[in-house]
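*Asks:* Structure file data-v2.cif (mmCIF, C-alpha atoms and all ligand atoms) is given on the next line.
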data_my_file
loop_
_atom_site.label_atom_id
_atom_site.label_comp_id
_atom_site.auth_asym_id
_atom_site.auth_seq_id
_atom_site.Cartn_x
_atom_site.Cartn_y
_atom_site.Cartn_z
CA MET A 15 14.24 -15.78 15.60
CA LYS A 16 16.44 -13.12 14.04
CA SER A 17 15.82 -13.15 10.33
CA ARG A 18 18.06 -11.38 7.89
CA ALA A 19 17.20 -11.13 4.20
CA SER A 20 19.04 -13.58 1.98
CA MET A 21 21.00 -10.76 0.39
CA ASP A 22 22.93 -7.76 1.73
CA PHE A 23 22.90 -4.50 -0.17
CA ARG A 24 25.16 -1.54 -0.47
CA PHE A 25 24.90 2.03 -1.66
CA ASN A 26 25.91 2.26 -5.29
CA ARG A 27 28.91 4.12 -6.71
CA ASN A 28 27.02 7.41 -6.70
CA GLY A 29 26.31 6.99 -3.01
CA LYS A 30 22.60 6.43 -3.69
CA PHE A 31 20.17 3.59 -3.03
CA ARG A 32 16.83 3.42 -4.79
CA ILE A 33 13.85 1.41 -3.62
CA LEU A 34 10.80 0.83 -5.77
CA ALA A 35 7.59 0.18 -3.80
CA ILE A 36 4.88 -1.49 -5.89
CA GLY A 37 1.37 -1.17 -4.48
CA ASP A 38 -1.37 -3.78 -4.78
CA SER A 39 -0.89 -5.84 -7.91
CA HIS A 40 -3.89 -8.15 -7.42
CA ASP A 41 -6.77 -8.48 -9.82
CA LYS A 42 -10.32 -8.31 -8.58
CA PHE A 43 -11.78 -10.82 -10.98
CA THR A 44 -9.24 -13.40 -12.01
CA TYR A 45 -6.11 -13.23 -9.95
CA ASN A 46 -4.07 -15.13 -12.44
CA GLU A 47 -4.37 -12.63 -15.24
CA LYS A 48 -2.07 -9.69 -14.79
CA THR A 49 -2.80 -7.03 -17.37
CA GLU A 50 -0.33 -5.97 -20.00
CA ASP A 51 -0.84 -2.41 -18.76
CA MET A 52 0.48 -3.27 -15.31
CA LEU A 53 3.38 -5.23 -16.80
CA ASN A 54 4.18 -2.23 -18.99
CA LEU A 55 4.14 -0.01 -15.88
CA LEU A 56 6.51 -2.36 -14.05
CA ASN A 57 8.82 -2.72 -17.04
CA LYS A 58 9.01 1.01 -17.60
CA SER A 59 9.59 1.67 -13.89
CA ALA A 60 12.45 -0.82 -13.82
CA GLU A 61 13.96 0.61 -16.99
CA MET A 62 13.59 4.32 -16.21
CA LEU A 63 13.90 4.48 -12.43
CA LYS A 64 16.66 1.85 -12.12
CA PRO A 65 15.87 0.75 -8.56
CA ASP A 66 18.38 -1.24 -6.48
CA ILE A 67 15.50 -3.29 -5.05
CA ALA A 68 11.80 -3.71 -5.90
CA ILE A 69 9.32 -4.43 -3.10
CA PHE A 70 5.83 -5.78 -3.79
CA MET A 71 3.67 -4.24 -1.09
CA GLY A 72 1.13 -7.07 -0.80
CA ASP A 73 -2.27 -8.04 -2.16
CA ILE A 74 -0.37 -9.73 -4.95
CA VAL A 75 -3.26 -12.12 -5.56
CA SER A 76 -6.92 -12.21 -4.54
CA ASP A 77 -10.11 -14.08 -5.36
CA TRP A 78 -8.42 -17.42 -5.18
CA ILE A 79 -11.07 -19.12 -7.28
CA ARG A 80 -11.05 -18.43 -10.99
CA GLU A 81 -14.09 -17.43 -12.97
CA GLU A 82 -14.71 -21.02 -13.94
CA ASN A 83 -14.77 -21.85 -10.20
CA ARG A 84 -11.68 -23.91 -9.86
CA PRO A 85 -8.49 -22.98 -8.01
CA ALA A 86 -5.58 -22.09 -10.25
CA THR A 87 -2.99 -24.77 -10.66
CA GLU A 88 0.42 -24.17 -9.16
CA ASP A 89 1.85 -23.67 -12.66
CA GLU A 90 -0.74 -21.04 -13.50
CA LEU A 91 -0.15 -19.12 -10.31
CA PHE A 92 3.63 -19.32 -10.60
CA HIS A 93 3.39 -18.11 -14.19
CA GLU A 94 1.61 -14.91 -13.07
CA ILE A 95 4.05 -14.29 -10.22
CA ASP A 96 6.90 -14.80 -12.65
CA ARG A 97 5.36 -12.27 -15.07
CA ILE A 98 5.29 -9.45 -12.49
CA CYS A 99 8.81 -10.29 -11.24
CA GLU A 100 10.45 -10.70 -14.64
CA PRO A 101 10.80 -6.93 -15.28
CA PHE A 102 13.09 -6.86 -12.23
CA TYR A 103 15.02 -10.12 -12.18
CA SER A 104 15.74 -9.80 -15.90
CA ARG A 105 17.59 -6.58 -14.98
CA ASN A 106 19.27 -8.13 -11.91
CA ILE A 107 17.08 -6.12 -9.54
CA PRO A 108 16.39 -8.12 -6.33
CA ILE A 109 12.79 -8.54 -5.18
CA GLY A 110 11.21 -8.35 -1.73
CA ILE A 111 7.59 -8.76 -0.62
CA THR A 112 5.30 -7.81 2.23
CA PHE A 113 2.13 -9.88 2.28
CA GLY A 114 -1.32 -8.25 2.20
CA ASN A 115 -4.73 -9.22 3.52
CA HIS A 116 -5.84 -10.84 0.25
CA ASP A 117 -2.68 -12.95 0.02
CA GLY A 118 -3.80 -14.62 3.23
CA GLU A 119 -7.39 -15.27 2.19
CA ARG A 120 -7.02 -19.02 2.34
CA THR A 121 -5.46 -21.30 4.92
CA ASP A 122 -1.70 -21.34 4.45
CA SER A 123 -1.98 -19.36 1.22
CA LYS A 124 0.85 -17.03 2.24
CA ARG A 125 3.17 -19.99 2.87
CA TYR A 126 2.18 -21.35 -0.52
CA LEU A 127 2.87 -17.99 -2.19
CA PHE A 128 6.17 -17.71 -0.31
CA SER A 129 7.26 -21.05 -1.72
CA LEU A 130 6.41 -19.86 -5.24
CA PHE A 131 8.32 -16.60 -4.74
CA SER A 132 11.28 -18.64 -3.48
CA ARG A 133 11.63 -19.95 -7.04
CA ILE A 134 12.04 -16.39 -8.40
CA PRO A 135 15.64 -15.28 -9.09
CA GLY A 136 16.70 -12.50 -6.74
CA PHE A 137 13.93 -13.08 -4.18
CA ILE A 138 15.35 -11.84 -0.86
CA ASN A 139 12.80 -12.51 1.90
CA THR A 140 13.61 -15.01 4.59
CA ASP A 141 11.06 -16.10 7.13
CA THR A 142 11.29 -15.36 10.83
CA SER A 143 10.26 -18.65 12.34
CA GLY A 144 8.12 -18.56 15.45
CA VAL A 145 6.81 -15.06 14.73
CA THR A 146 3.30 -14.31 13.45
CA GLY A 147 3.09 -13.81 9.70
CA VAL A 148 5.14 -14.94 6.75
CA GLY A 149 8.28 -13.33 5.34
CA ASN A 150 9.03 -10.91 8.20
CA CYS A 151 12.68 -9.99 7.82
CA TYR A 152 15.16 -7.12 7.77
CA VAL A 153 17.37 -6.00 4.89
CA PRO A 154 20.75 -4.44 5.72
CA ILE A 155 22.23 -1.80 3.41
CA TYR A 156 25.95 -1.12 3.74
CA ASP A 157 28.08 1.78 2.61
CA LYS A 158 29.59 1.50 -0.85
CA LYS A 159 32.83 0.08 0.59
CA ASN A 160 30.69 -2.63 2.21
CA GLU A 161 32.12 -1.86 5.66
CA ASN A 162 29.37 -0.26 7.75
CA MET A 163 25.66 -0.93 7.91
CA LEU A 164 24.17 2.48 7.14
CA PHE A 165 20.51 1.67 6.69
CA ASN A 166 17.94 -1.06 7.16
CA LEU A 167 14.60 -2.07 5.66
CA TRP A 168 11.95 -3.92 7.67
CA LEU A 169 9.62 -6.12 5.61
CA ILE A 170 6.58 -6.89 7.77
CA ASP A 171 3.54 -9.11 7.22
CA SER A 172 0.67 -6.94 8.51
CA GLY A 173 -1.94 -9.73 8.49
CA SER A 174 -5.45 -10.00 7.08
CA SER A 175 -8.64 -9.63 9.14
CA ALA A 176 -8.89 -8.29 12.68
CA GLN A 177 -7.62 -10.93 15.11
CA ASP A 178 -10.59 -10.57 17.46
CA GLY A 179 -13.12 -11.30 14.74
CA SER A 180 -14.67 -7.86 15.17
CA GLY A 181 -14.41 -7.06 11.47
CA GLY A 182 -12.01 -4.61 9.86
CA TYR A 183 -8.34 -5.15 9.25
CA ALA A 184 -5.64 -6.86 11.26
CA TRP A 185 -2.99 -5.23 13.38
CA VAL A 186 0.63 -6.26 13.62
CA ASP A 187 0.79 -8.73 16.49
CA ASN A 188 2.59 -8.28 19.82
CA ASP A 189 5.14 -10.99 19.01
CA GLN A 190 6.01 -9.22 15.75
CA ILE A 191 6.53 -5.98 17.66
CA ASP A 192 8.73 -7.86 20.16
CA TRP A 193 10.73 -9.34 17.29
CA TYR A 194 11.19 -5.89 15.74
CA GLU A 195 12.30 -4.37 19.04
CA ASN A 196 14.72 -7.18 19.92
CA THR A 197 16.24 -7.22 16.45
CA CYS A 198 16.50 -3.43 16.45
CA ASP A 199 18.38 -3.62 19.78
CA GLU A 200 20.79 -6.17 18.31
CA LEU A 201 21.42 -4.02 15.23
CA THR A 202 21.97 -0.96 17.42
CA ALA A 203 24.42 -2.87 19.62
CA SER A 204 26.36 -4.12 16.62
CA ASN A 205 26.47 -0.53 15.30
CA GLY A 206 28.37 0.78 18.32
CA GLY A 207 25.20 1.81 20.16
CA LYS A 208 23.89 4.03 17.37
CA VAL A 209 20.52 3.18 15.90
CA VAL A 210 20.54 2.17 12.23
CA PRO A 211 18.05 4.39 10.38
CA SER A 212 15.37 2.31 8.74
CA ILE A 213 12.17 2.22 6.70
CA VAL A 214 9.27 -0.14 7.48
CA PHE A 215 7.48 -1.66 4.51
CA GLN A 216 4.12 -3.29 5.17
CA HIS A 217 0.74 -3.61 3.52
CA ILE A 218 -1.76 -2.22 6.06
CA PRO A 219 -1.06 1.35 7.24
CA VAL A 220 -0.88 2.36 10.90
CA CYS A 221 -3.77 4.24 12.56
CA GLU A 222 -1.54 7.31 12.99
CA GLU A 223 -2.16 8.14 9.30
CA TYR A 224 -5.37 9.81 10.49
CA LEU A 225 -3.20 12.35 12.32
CA LEU A 226 -2.21 13.63 8.88
CA LEU A 227 -5.86 14.34 8.07
CA LYS A 228 -8.40 16.78 9.46
CA GLU A 229 -12.13 16.38 9.81
CA THR A 230 -14.30 18.15 7.30
CA THR A 231 -17.89 18.14 6.06
CA PHE A 232 -19.72 16.44 3.21
CA LEU A 233 -19.77 19.79 1.40
CA ASN A 234 -16.00 19.84 0.99
CA PRO A 235 -15.29 18.57 -2.57
CA TYR A 236 -11.94 17.16 -1.37
CA ARG A 237 -13.57 15.10 1.36
CA VAL A 238 -13.15 11.37 1.79
CA ARG A 239 -15.14 9.27 4.22
CA GLY A 240 -13.06 7.68 6.97
CA ASN A 241 -12.80 3.92 7.13
CA GLY A 242 -13.62 1.44 9.92
CA LYS A 243 -13.77 3.18 13.28
CA TYR A 244 -13.27 6.51 11.48
CA SER A 245 -16.19 5.98 9.09
CA LYS A 246 -18.56 8.36 10.88
CA ASN A 247 -16.54 11.37 9.71
CA PHE A 248 -15.30 12.99 6.53
CA TYR A 249 -11.65 13.95 6.16
CA THR A 250 -9.39 16.04 4.03
CA LYS A 251 -5.62 16.48 4.02
CA GLY A 252 -4.09 18.34 6.94
CA ILE A 253 -1.40 20.96 6.51
CA ASP A 254 1.46 18.42 6.74
CA CYS A 255 -0.10 15.94 4.33
CA HIS A 256 1.14 16.05 0.74
CA GLY A 257 0.17 14.14 -2.38
CA TYR A 258 -3.13 12.49 -3.16
CA LEU A 259 -5.88 11.48 -0.72
CA GLY A 260 -8.47 9.40 -2.60
CA GLU A 261 -10.12 7.39 0.21
CA GLY A 262 -10.20 7.05 3.97
CA PRO A 263 -7.09 5.11 5.01
CA CYS A 264 -8.03 1.49 5.76
CA VAL A 265 -6.12 1.12 9.02
CA PRO A 266 -6.28 -1.77 11.54
CA ALA A 267 -9.40 -2.25 13.64
CA ARG A 268 -7.23 -1.68 16.73
CA ASN A 269 -4.15 0.43 17.31
CA ASN A 270 -1.74 -2.12 18.73
CA GLY A 271 1.05 0.34 19.45
CA GLN A 272 3.25 -0.43 16.47
CA PHE A 273 3.90 3.24 15.76
CA ARG A 274 4.71 3.90 19.43
CA SER A 275 7.13 0.99 19.30
CA TRP A 276 8.94 2.60 16.35
CA LYS A 277 9.12 5.84 18.30
CA SER A 278 10.51 4.11 21.38
CA LYS A 279 13.31 2.49 19.37
CA GLY A 280 14.07 5.59 17.31
CA ASP A 281 15.33 3.86 14.18
CA VAL A 282 12.31 4.22 11.88
CA VAL A 283 12.49 7.34 9.72
CA ALA A 284 9.70 6.34 7.34
CA ALA A 285 7.03 3.71 6.77
CA VAL A 286 5.65 2.78 3.37
CA PHE A 287 2.25 1.12 2.92
CA GLY A 288 0.00 -0.32 0.20
CA HIS A 289 -3.59 -1.50 0.80
CA ASP A 290 -5.36 1.80 -0.04
CA HIS A 291 -5.66 1.63 -3.81
CA LEU A 292 -6.39 5.33 -4.20
CA ASN A 293 -4.04 6.93 -1.70
CA ALA A 294 -0.63 8.33 -2.59
CA PHE A 295 -0.10 10.89 0.16
CA GLN A 296 2.79 11.29 2.50
CA GLY A 297 3.46 13.31 5.61
CA GLU A 298 5.37 13.30 8.88
CA VAL A 299 3.85 12.26 12.18
CA GLU A 300 6.18 12.87 15.11
CA GLY A 301 9.18 12.81 12.78
CA ILE A 302 8.26 9.59 10.95
CA LEU A 303 7.31 9.96 7.28
CA LEU A 304 4.20 7.89 6.50
CA CYS A 305 3.77 7.14 2.78
CA GLN A 306 0.90 5.56 0.91
CA THR A 307 1.54 3.75 -2.38
CA LYS A 308 -1.27 3.44 -4.89
CA CYS A 309 -2.20 0.20 -6.57
CA SER A 310 -0.33 -0.95 -9.65
CA GLY A 311 -3.03 -3.32 -10.94
CA PHE A 312 -5.75 -2.19 -13.30
CA HIS A 313 -8.61 -4.62 -12.71
CA MET A 314 -9.55 -3.80 -9.14
CA TYR A 315 -10.98 -0.48 -7.95
CA GLY A 316 -8.47 2.07 -9.05
CA ASP A 317 -7.89 5.56 -10.11
CA GLY A 318 -8.03 6.12 -13.84
CA LEU A 319 -4.53 6.22 -15.20
CA HIS A 320 -3.04 7.08 -11.84
CA GLN A 321 -2.00 3.56 -11.01
CA GLY A 322 1.63 3.91 -10.12
CA VAL A 323 4.72 3.03 -8.13
CA ARG A 324 6.63 4.86 -5.41
CA LEU A 325 10.35 5.51 -5.65
CA ILE A 326 12.36 6.15 -2.48
CA GLU A 327 15.90 7.39 -2.78
CA LEU A 328 18.51 7.28 -0.03
CA ASP A 329 21.77 9.17 0.02
CA GLU A 330 24.82 7.66 1.71
CA THR A 331 25.91 10.99 3.21
CA ARG A 332 22.56 11.53 4.98
CA PRO A 333 20.66 8.23 4.81
CA ALA A 334 17.93 9.28 7.24
CA ASP A 335 17.00 12.17 4.96
CA LEU A 336 15.24 10.30 2.17
CA THR A 337 13.32 11.60 -0.83
CA THR A 338 10.26 9.92 -2.36
CA LYS A 339 8.00 10.39 -5.35
CA MET A 340 5.11 8.60 -7.03
CA TYR A 341 5.40 7.76 -10.74
CA TYR A 342 2.10 7.15 -12.50
CA TYR A 343 1.16 5.13 -15.53
CA ARG A 344 0.08 8.41 -17.11
CA ASP A 345 3.62 9.82 -16.66
CA PHE A 346 5.04 7.02 -18.77
CA PHE A 347 2.35 6.26 -21.31
CA GLY A 348 -0.05 9.22 -21.45
CA THR A 349 -3.56 7.94 -22.17
CA LYS A 350 -2.51 4.83 -24.11
CA CYS A 351 -4.10 2.08 -22.06
CA ASN A 352 -6.00 -1.11 -22.85
CA SER A 353 -7.56 -1.72 -19.44
CA ILE A 354 -9.21 1.66 -18.96
CA LYS A 355 -11.33 3.39 -21.55
CA GLY A 356 -13.23 6.62 -22.11
CA TYR A 357 -14.82 8.12 -19.04
CA ASP A 358 -12.66 6.18 -16.60
CA LEU A 359 -9.50 7.73 -18.00
CA LEU A 360 -10.34 10.59 -15.66
CA THR A 361 -9.14 10.40 -12.09
CA ASP A 362 -11.30 8.44 -9.69
CA ARG A 363 -11.71 11.39 -7.29
CA TRP A 364 -12.96 13.57 -10.07
CA HIS A 365 -15.38 11.12 -11.56
CA THR A 366 -16.70 9.93 -8.18
CA ASN A 367 -17.58 13.49 -7.20
CA PHE A 368 -18.80 14.16 -10.73
CA LYS A 369 -21.14 11.15 -10.52
CA ILE A 370 -22.53 12.38 -7.18
CA THR A 371 -23.09 15.86 -8.61
CA LEU A 372 -24.78 14.37 -11.70
CA ALA A 373 -27.02 12.22 -9.47
CA VAL A 374 -28.04 15.23 -7.32
CA LEU A 375 -28.70 17.44 -10.37
CA GLY A 376 -30.55 14.58 -12.15
CA THR A 377 -32.79 13.97 -9.15
CA ALA A 378 -33.50 17.69 -8.74
CA THR A 379 -34.34 18.02 -12.45
CA ALA A 380 -36.62 14.96 -12.37
CA LEU A 381 -38.46 16.21 -9.27
CA THR A 382 -38.87 19.68 -10.80
CA ALA A 383 -40.19 18.15 -14.05
CA ALA A 384 -42.69 16.16 -11.99
CA GLY A 385 -43.82 19.40 -10.31
CA ILE A 386 -42.39 18.43 -6.96
CA THR A 387 -40.65 21.42 -5.42
CA ALA A 388 -38.29 21.23 -2.46
CA GLU A 389 -41.01 22.87 -0.35
CA LYS A 390 -43.59 20.22 -1.29
CA LEU A 391 -41.06 17.44 -0.75
CA TYR A 392 -40.20 18.79 2.70
CA SER A 393 -43.82 19.08 3.76
CA HIS A 394 -44.49 15.55 2.47
CA ILE A 395 -41.62 14.13 4.53
CA LYS A 396 -42.80 16.10 7.55
CA LYS A 397 -46.31 14.80 7.14
CA SER A 398 -45.23 11.20 6.79
CA LYS A 399 -43.21 11.53 10.00
CA LEU A 400 -46.22 12.97 11.81
CA LEU A 401 -48.35 10.13 10.50
CA LYS A 402 -45.88 7.59 11.82
CA LYS A 403 -46.02 9.11 15.27
FE FE A 501 -5.69 -4.43 -2.36
FE FE A 502 -5.25 -4.88 1.12
#
As a first step, turn the structure in this file into C-alpha cells.
Ligand SMILES: [Fe+2]
Ligand SMILES: [Fe+2]

*Replies:*
Amino acid sequence: MKSRASMDFRFNRNGKFRILAIGDSHDKFTYNEKTEDMLNLLNKSAEMLKPDIAIFMGDIVSDWIREENRPATEDELFHEIDRICEPFYSRNIPIGITFGNHDGERTDSKRYLFSLFSRIPGFINTDTSGVTGVGNCYVPIYDKKNENMLFNLWLIDSGSSAQDGSGGYAWVDNDQIDWYENTCDELTASNGGKVVPSIVFQHIPVCEEYLLLKETTFLNPYRVRGNGKYSKNFYTKGIDCHGYLGEGPCVPARNNGQFRSWKSKGDVVAAVFGHDHLNAFQGEVEGILLCQTKCSGFHMYGDGLHQGVRLIELDETRPADLTTKMYYYRDFFGTKCNSIKGYDLLTDRWHTNFKITLAVLGTATALTAAGITAEKLYSHIKKSKLLKK
C-alpha cells in the first residue's frame, strides 16, 4: 500500500531544494509531435533554473489517434516522451509525473504511459498498488546530511471524468484520500510525532480555488466565467489571489473533501496544479497555498507567449515557508517563436476581450449603417415577443 518514490532526495549544499512544475505538455492535434518551442522552453528552464526535480503535471498526451487515424506505435509515443524528458535526464535531473484527464482517455492508457516513463532515466514514480489511479506516491526530501526527513512531495493521480458520469471532471477518490492520510500518519510517527511539511502535486485543482476568487459582472474586463457548477457566474481575483487568472478553474464536479483531509492532517503547506492552461495564480486558503501552473505546450488552447513553468524553492532552515514563481517562454526568448505568429503573440486574455469588443463594435456599426438604431431594435424585439404571446 505505502508507496515511496524510487529515489530519495536531499537539500543541496546551499540548503535549497528546487522543484520545477511543468504544466500540460499535450498537443491538441497530434499528440506525438511536441513543438520545438516547448522543447526550447524545457531546455532553457532546466539550464537556467537548475531544478533538483522536474514534475510533469499531467495531460502529457491527448487525442490518442493521429491525424491519419491510426494509433501511434509504441516507438513513436516513447520517442515523444523521451524528447520532453531529455532536457532533464541529460542534466541528471530526476523526473516525476502526475497523470491528467487526457492521459487516461483510453482504457489502461495511464498504465501504458507509466510503462513508457519507466524506461526514462531518472523517472521516480512508483505505483501504489490497490489504490485508485496510477503513479500515486510520496517523495521524501532529507536534510543535506541525509539524516532527517524535512519535507515530502505527494504525487497524486487526480483522475479523468467525473466518477458518477454526471459530466465534468473527476475528484480524487476516497481510497486515495485514505492512502494519503494513513501514509501521512506513518510519516508523522517516524518523524517523532511531528508532521512532515509537504506539497501536493496533482493535475486537477481542488474546488477551494474558487475561495480565492470573487464574483463579478460581465462588465468587468478582468472577468472570467466560472467552470462546471460555477459556470453561471463571472469571477475575478480576490484580494489574496496573486498572479494571472485567465479562465474559470476547472475543478472536480464534486468536492470530495480532499482539501479538508489535508487540513485535518496538517502537513500540506501548498498544492500545485496543472489542467487550466491559462491560469497561473496562487493564493492561500486556510493557510494552504494553492498554485496554478500554465500549460507548457503550444498547440492546444494557450496564452500567446505566456506558456511557462513554475519554480518552487524550499529552504532547509524553514522548509514550510516556500517561494514560487512562474517563468514564461517570453522571459527566455522574447517574441522569437515558431508556433505562434502575429496577432496571437498577444496574451490570450487581452485578445479574447479585444475580439469581444471588436465584435460588439462591429455589430453596432453594421446595425447603424443599416439604419437600425438601438431604439428600433428594442421595439422590434418587444414586438416579436408580444406576437409570440
Ligand atoms: Fe490540458
Ligand atoms: Fe486536463

*Asks:* Quick one: distance from atom CA of Ala284 of chain A to atom CA of Cys305 of chain A in Å, one decimal?

*Replies:* 7.5 Å

*Asks:* Work out how far apart atom CA of Val145 of chain A and atom CA of Gln190 of chain A are and give it in Å to one decimal.

*Replies:* 6.0 Å

*Asks:* Take atom CA of Thr112 of chain A and atom CA of Asn150 of chain A and report the distance between them in Å, one decimal.

*Replies:*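 Taking atom CA of Thr112 of chain A and atom CA of Asn150 of chain A, their separation equals 7.7 Å.
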
*Asks:* Of the candidates A:Met340, A:Tyr103, A:Gly37, A:Lys30, which shows the shortest atom-to-atom distance to Ala60 of chain A, using all atoms listed in the file?

*Replies:* A:Tyr103

*Asks:* Looking at all atoms listed in the file, which of A:Lys251, A:His313, A:Lys279, A:Lys350 is the one that sits closest to Asn234 of chain A?

*Replies:*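 So, comparing all the options, the nearest one is A:Lys251.
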
*Asks:* Please return as a ChimeraX atom specification the residues found within 10 Å of ligand FE 502 (chain A), counting all atoms listed in the file.

*Replies:* /A:37-38,40,71-74,76,113-117,172-175,183,217-219,264-265,287-291,309

*Asks:* Given all atoms listed in the file as the basis, pick out the residue of A:Leu201, A:Ile191, A:Ala68, A:Leu319 nearest to Asp51 of chain A.

*Replies:*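 Distance minimum relative to Asp51 of chain A lands on A:Leu319.
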
*Asks:* List every protein, DNA or RNA residue that has at least one atom no more than 6 Å from (1.4, 7.1, -2.9) in the file's coordinates, counting only C-alpha atoms, and write the result as a ChimeraX atom specification.

*Replies:* /A:293-295,306-308,340

*Asks:* Mind writing the picked residues with C-alpha atoms as a PDB file, in the frame of the given file?

*Replies:*
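The result, written out as selection-v2.pdb:
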ATOM      1  CA  ASN A 293      -4.040   6.930  -1.700  1.00  0.00           C
ATOM      2  CA  ALA A 294      -0.630   8.330  -2.590  1.00  0.00           C
ATOM      3  CA  PHE A 295      -0.100  10.890   0.160  1.00  0.00           C
ATOM      4  CA  GLN A 306       0.900   5.560   0.910  1.00  0.00           C
ATOM      5  CA  THR A 307       1.540   3.750  -2.380  1.00  0.00           C
ATOM      6  CA  LYS A 308      -1.270   3.440  -4.890  1.00  0.00           C
ATOM      7  CA  MET A 340       5.110   8.600  -7.030  1.00  0.00           C
TER       8      MET A 340
END
